[in-house]
Amino acid sequence: MLSLALATCHASLFLFLFQILRPAAVGAVAPSHLAVGNLRSLARKGHQTDQSEYQKKVDELIAKLSLPSDQYGKDRGLTMQGNADLRGLQRLIEDVVDHGLEGDVYETGVWRGGTAIFMVSVMQWYEAMKQKHNPDRHYWFFDSFDGFQVPTGDDKLDTYLAKSVYVAPLEKVKQSFKDFGIPITQNVHFVQGNFEDSIPKLKVDRPVALLRMDGDLYSSTSVVLKYLYPSLQVNGWAVVDDYGWRPSQTSPNTKLCRHAVDEYRQAHRINAPMDTGYGKPAWRKGPDCRAQPSPQQQLQGDVLNVL
């Protein structure tokens with residue numbers, strides 16, 4: 001009898017433990033787990049939708065910027081950048097946001113404003129999607145807005161650069177911004193004049209997150225590197241649009257953008273590799289050469305025309 005009682009007790013205990021510890025039947029998921037799973041699924045779908053809508057807007061913008069512009073007699077679009085170049089620039093902008101860089105965006109060499117429009121739009125769209133809106137970020141755009149005005153000393157090259165296609169008046173550039181839905185606010189600055197005159201007169205009091213150089217020539221690139229690159233923050237990007245640009249009319253002894261970049265990098269011991277995977281050559285600024293912004297922004301004299 002004792003043995004039977006013990007056996008019955010053991011069997012009951014085993015059955016009790018089995019009921020508690022056995023895996024749940026298929027579909028018998030605890031409500032709390034089901035709710036969490038649904039929330040995660042909805043979050044993933046929401047992120048995918050946001051990402052899809054964001055990319056759709058970028059694709060549409062690239063297509064529109066490539067269309068001939070009525071403002072210029074349907075001669076080309078608003079940017080000379082190809083699709084691959086713009087998509088590479090998009091990835092750089094996303095990298096700036098993903099790294100939490102709060103510095104400003106600079107473009108030296110605006111032409112008709114298409115690339116500038118692209119940078120402002122993509123930056124703001126991506127920040128909104130990532131919920132990292134930065135209302136303090138400023139955008140600075142430098143150009144003569146009257147073509148190439150500084151002689152290079154190379155007569156054939158100067159003749160080539162004198163083409164009217166390189167002239168894009170500031171008022172037309174501003175109108176293009178408005179046409180693409182970008183208001184000219186206090187965060188958007190146009191600096192008119194030759195780089196050699198305007199840039200040395202501007203003292204930068206905020207870090208620069210993205211410095212896109214599109215000045216073509218040796219002197220215009222050198223002055224940008226000298227006065228603006230020191231304010232590029234660590235992990236920020238320097239982009240050189242014309243690193244490989246050399247028209248066939250150029251004299252063999254004429255220095256262009258590439259020479260200015262190579263000389264500056266060598267003189268300042270910049271070892272960051274030149275990355276060609278972003279459409280245009282670019283490098284990420286490393287901690288070996290930190291930004292040193294001026295204590296305050298000021299204009300020296302009245303020559304600088306900030307609009």
# chains A, B, ... in the order shown; residues from 1 in each chain; ligands from 1
>>> residues_around(residues="Val58 (chain A)", least_positions_apart="5", cutoff="9 Å", atoms="only C-alpha atoms", output="PDB file with C-alpha atoms, in the first residue's frame")
ATOM      1  CA  GLU A  53       8.734  57.559 -49.122  1.00  0.00           C
ATOM      2  CA  ALA A  63      15.019  63.449 -62.017  1.00  0.00           C
ATOM      3  CA  ARG A  87      23.355  59.430 -54.924  1.00  0.00           C
ATOM      4  CA  GLN A  90      23.028  61.553 -50.575  1.00  0.00           C
ATOM      5  CA  PHE A 118      19.639  68.752 -53.417  1.00  0.00           C
ATOM      6  CA  SER A 121      16.330  68.961 -49.363  1.00  0.00           C
ATOM      7  CA  VAL A 122      17.977  65.612 -48.641  1.00  0.00           C
ATOM      8  CA  TRP A 125      14.128  64.999 -45.344  1.00  0.00           C
TER       9      TRP A 125
END
>>> residues_around(residues="Gly100 (chain A)", least_positions_apart="2", cutoff="12 Å", atoms="only C-alpha atoms", output="compact mmCIF listing (two decimals) with C-alpha atoms, in the first residue's frame")
# COMPACT_ATOMS: atom_id res chain seq x y z
CA ILE A 93 24.55 63.57 -46.08
CA GLU A 94 22.99 60.54 -44.41
CA ASP A 95 26.34 59.73 -42.83
CA VAL A 96 26.52 63.25 -41.38
CA VAL A 97 23.11 62.80 -39.74
CA ASP A 98 23.80 59.25 -38.59
CA GLU A 102 25.42 69.24 -36.07
CA GLY A 103 27.71 71.45 -38.16
CA GLU A 127 16.69 64.40 -40.51
CA LYS A 130 15.35 59.89 -38.42
CA GLN A 131 13.66 62.33 -36.02
CA LYS A 132 16.90 64.28 -35.77
CA HIS A 133 15.71 67.66 -37.01
CA ASN A 134 18.38 70.30 -36.47
CA ARG A 137 22.01 73.96 -39.05
CA ALA A 209 29.85 69.13 -41.16
CA GLN A 233 34.58 69.01 -37.63
CA VAL A 234 35.97 65.58 -36.89
CA ASN A 235 34.08 62.93 -38.91
CA GLY A 236 32.88 65.66 -41.27
>>> closest_atom_pairs(of="region 120-166 of chain A", to="region 210-228 of chain A", cutoff="10 Å", atoms="only C-alpha atoms", output="tab-separated table")
residue	atom	partner	partner_atom	distance
A:Tyr139	CA	A:Leu210	CA	9.7
A:Trp140	CA	A:Leu211	CA	9.6
A:Phe141	CA	A:Arg212	CA	9.8
A:Phe142	CA	A:Gly215	CA	9.5
A:Asp143	CA	A:Gly215	CA	8.6
A:Phe148	CA	A:Gly215	CA	9.4
A:Val150	CA	A:Ser219	CA	9.0
A:Thr152	CA	A:Leu217	CA	7.9
>>> select_by_dssp(residues="region 134-175 of chain A", states="strand (DSSP E or B)", output="list of chain:residue names")
A:Tyr139, A:Trp140, A:Phe141, A:Phe142, A:Asp143
>>> atom_distance(atom1="CA of Asn83 (chain A)", atom2="CA of Lys280 (chain A)")
11.5 Å
>>> residues_around(residues="Ala116 (chain A)", least_positions_apart="3", cutoff="9 Å", atoms="only C-alpha atoms", output="PyMOL selection string")
chain A and resi 79+106-107+110+112-113+119-121+139+141+177
>>> write_last_selection(atoms="all heavy atoms", output="CSV table (one decimal), in the first residue's frame")
chain,number,residue,atom,x,y,z
A,79,THR,N,22.0,71.3,-62.4
A,79,THR,CA,23.2,70.7,-61.8
A,79,THR,C,24.0,70.0,-62.9
A,79,THR,O,23.4,69.4,-63.8
A,79,THR,CB,22.9,69.8,-60.7
A,79,THR,OG1,24.2,69.3,-60.2
A,79,THR,CG2,22.0,68.6,-61.1
A,106,TYR,N,28.5,73.6,-46.4
A,106,TYR,CA,29.1,74.7,-47.2
A,106,TYR,C,29.3,74.1,-48.6
A,106,TYR,O,29.7,73.0,-48.8
A,106,TYR,CB,30.5,75.1,-46.7
A,106,TYR,CG,30.5,76.1,-45.6
A,106,TYR,CD1,29.9,75.8,-44.3
A,106,TYR,CD2,31.0,77.3,-45.8
A,106,TYR,CE1,29.9,76.7,-43.3
A,106,TYR,CE2,31.1,78.3,-44.7
A,106,TYR,CZ,30.5,78.0,-43.5
A,106,TYR,OH,30.5,78.9,-42.5
A,107,GLU,N,28.9,74.9,-49.6
A,107,GLU,CA,29.2,74.6,-51.0
A,107,GLU,C,29.9,75.8,-51.6
A,107,GLU,O,29.3,76.9,-51.7
A,107,GLU,CB,28.0,74.2,-51.8
A,107,GLU,CG,28.4,73.8,-53.2
A,107,GLU,CD,27.2,73.4,-54.1
A,107,GLU,OE1,26.2,74.2,-54.0
A,107,GLU,OE2,27.2,72.4,-54.7
A,110,VAL,N,28.4,77.2,-56.8
A,110,VAL,CA,27.0,76.8,-56.8
A,110,VAL,C,26.4,76.6,-58.2
A,110,VAL,O,25.5,75.8,-58.4
A,110,VAL,CB,26.2,77.9,-56.0
A,110,VAL,CG1,24.7,77.6,-56.1
A,110,VAL,CG2,26.7,78.0,-54.6
A,112,ARG,N,24.1,76.9,-61.0
A,112,ARG,CA,22.6,77.2,-61.0
A,112,ARG,C,21.9,76.8,-59.8
A,112,ARG,O,20.7,76.9,-59.7
A,112,ARG,CB,22.0,76.5,-62.3
A,112,ARG,CG,22.5,77.0,-63.6
A,112,ARG,CD,21.9,76.3,-64.8
A,112,ARG,NE,22.4,76.9,-66.0
A,112,ARG,CZ,22.2,76.4,-67.2
A,112,ARG,NH1,21.4,75.3,-67.3
A,112,ARG,NH2,22.6,77.0,-68.3
A,113,GLY,N,22.6,76.2,-58.8
A,113,GLY,CA,22.0,75.9,-57.5
A,113,GLY,C,21.4,74.5,-57.4
A,113,GLY,O,20.8,74.2,-56.3
A,119,MET,N,21.2,69.2,-51.6
A,119,MET,CA,21.8,69.1,-50.3
A,119,MET,C,20.8,69.5,-49.2
A,119,MET,O,20.6,68.8,-48.2
A,119,MET,CB,23.1,69.8,-50.1
A,119,MET,CG,24.2,69.1,-50.9
A,119,MET,SD,25.9,69.8,-50.5
A,119,MET,CE,25.7,71.5,-51.1
A,120,VAL,N,20.2,70.7,-49.3
A,120,VAL,CA,19.3,71.2,-48.3
A,120,VAL,C,18.1,70.2,-48.2
A,120,VAL,O,17.6,69.8,-47.1
A,120,VAL,CB,18.8,72.6,-48.7
A,120,VAL,CG1,17.7,73.0,-47.7
A,120,VAL,CG2,19.9,73.6,-48.7
A,121,SER,N,17.5,69.8,-49.4
A,121,SER,CA,16.3,69.0,-49.4
A,121,SER,C,16.6,67.6,-48.7
A,121,SER,O,15.9,67.2,-47.8
A,121,SER,CB,15.8,68.8,-50.8
A,121,SER,OG,15.5,70.0,-51.4
A,139,TYR,N,23.2,76.7,-44.0
A,139,TYR,CA,23.6,76.3,-45.3
A,139,TYR,C,24.3,77.5,-46.0
A,139,TYR,O,23.6,78.6,-46.1
A,139,TYR,CB,22.5,75.8,-46.1
A,139,TYR,CG,21.8,74.6,-45.5
A,139,TYR,CD1,20.8,74.8,-44.6
A,139,TYR,CD2,22.1,73.3,-45.8
A,139,TYR,CE1,20.1,73.7,-44.0
A,139,TYR,CE2,21.5,72.2,-45.2
A,139,TYR,CZ,20.5,72.4,-44.3
A,139,TYR,OH,19.9,71.4,-43.7
A,141,PHE,N,26.3,79.1,-49.3
A,141,PHE,CA,26.6,78.9,-50.7
A,141,PHE,C,27.4,80.0,-51.3
A,141,PHE,O,26.9,81.2,-51.3
A,141,PHE,CB,25.3,78.7,-51.5
A,141,PHE,CG,24.5,77.5,-50.9
A,141,PHE,CD1,23.2,77.7,-50.3
A,141,PHE,CD2,24.9,76.2,-51.0
A,141,PHE,CE1,22.5,76.7,-49.7
A,141,PHE,CE2,24.2,75.1,-50.5
A,141,PHE,CZ,23.0,75.4,-49.8
A,177,PHE,N,15.5,77.9,-55.9
A,177,PHE,CA,15.2,77.5,-54.6
A,177,PHE,C,13.7,77.5,-54.3
A,177,PHE,O,13.1,76.6,-53.7
A,177,PHE,CB,16.0,78.3,-53.6
A,177,PHE,CG,17.4,77.8,-53.2
A,177,PHE,CD1,18.3,77.7,-54.2
A,177,PHE,CD2,17.6,77.4,-51.9
A,177,PHE,CE1,19.6,77.2,-53.8
A,177,PHE,CE2,18.9,76.9,-51.6
A,177,PHE,CZ,19.9,76.8,-52.6
>>> closest_residue(among="A:Cys257, A:Asp75, A:Ala128, A:Asp179", to="Tyr54 (chain A)", atoms="only C-alpha atoms")
A:Ala128
>>> atom_distance(atom1="CA of Val105 (chain A)", atom2="CA of Gln192 (chain A)")
16.6 Å
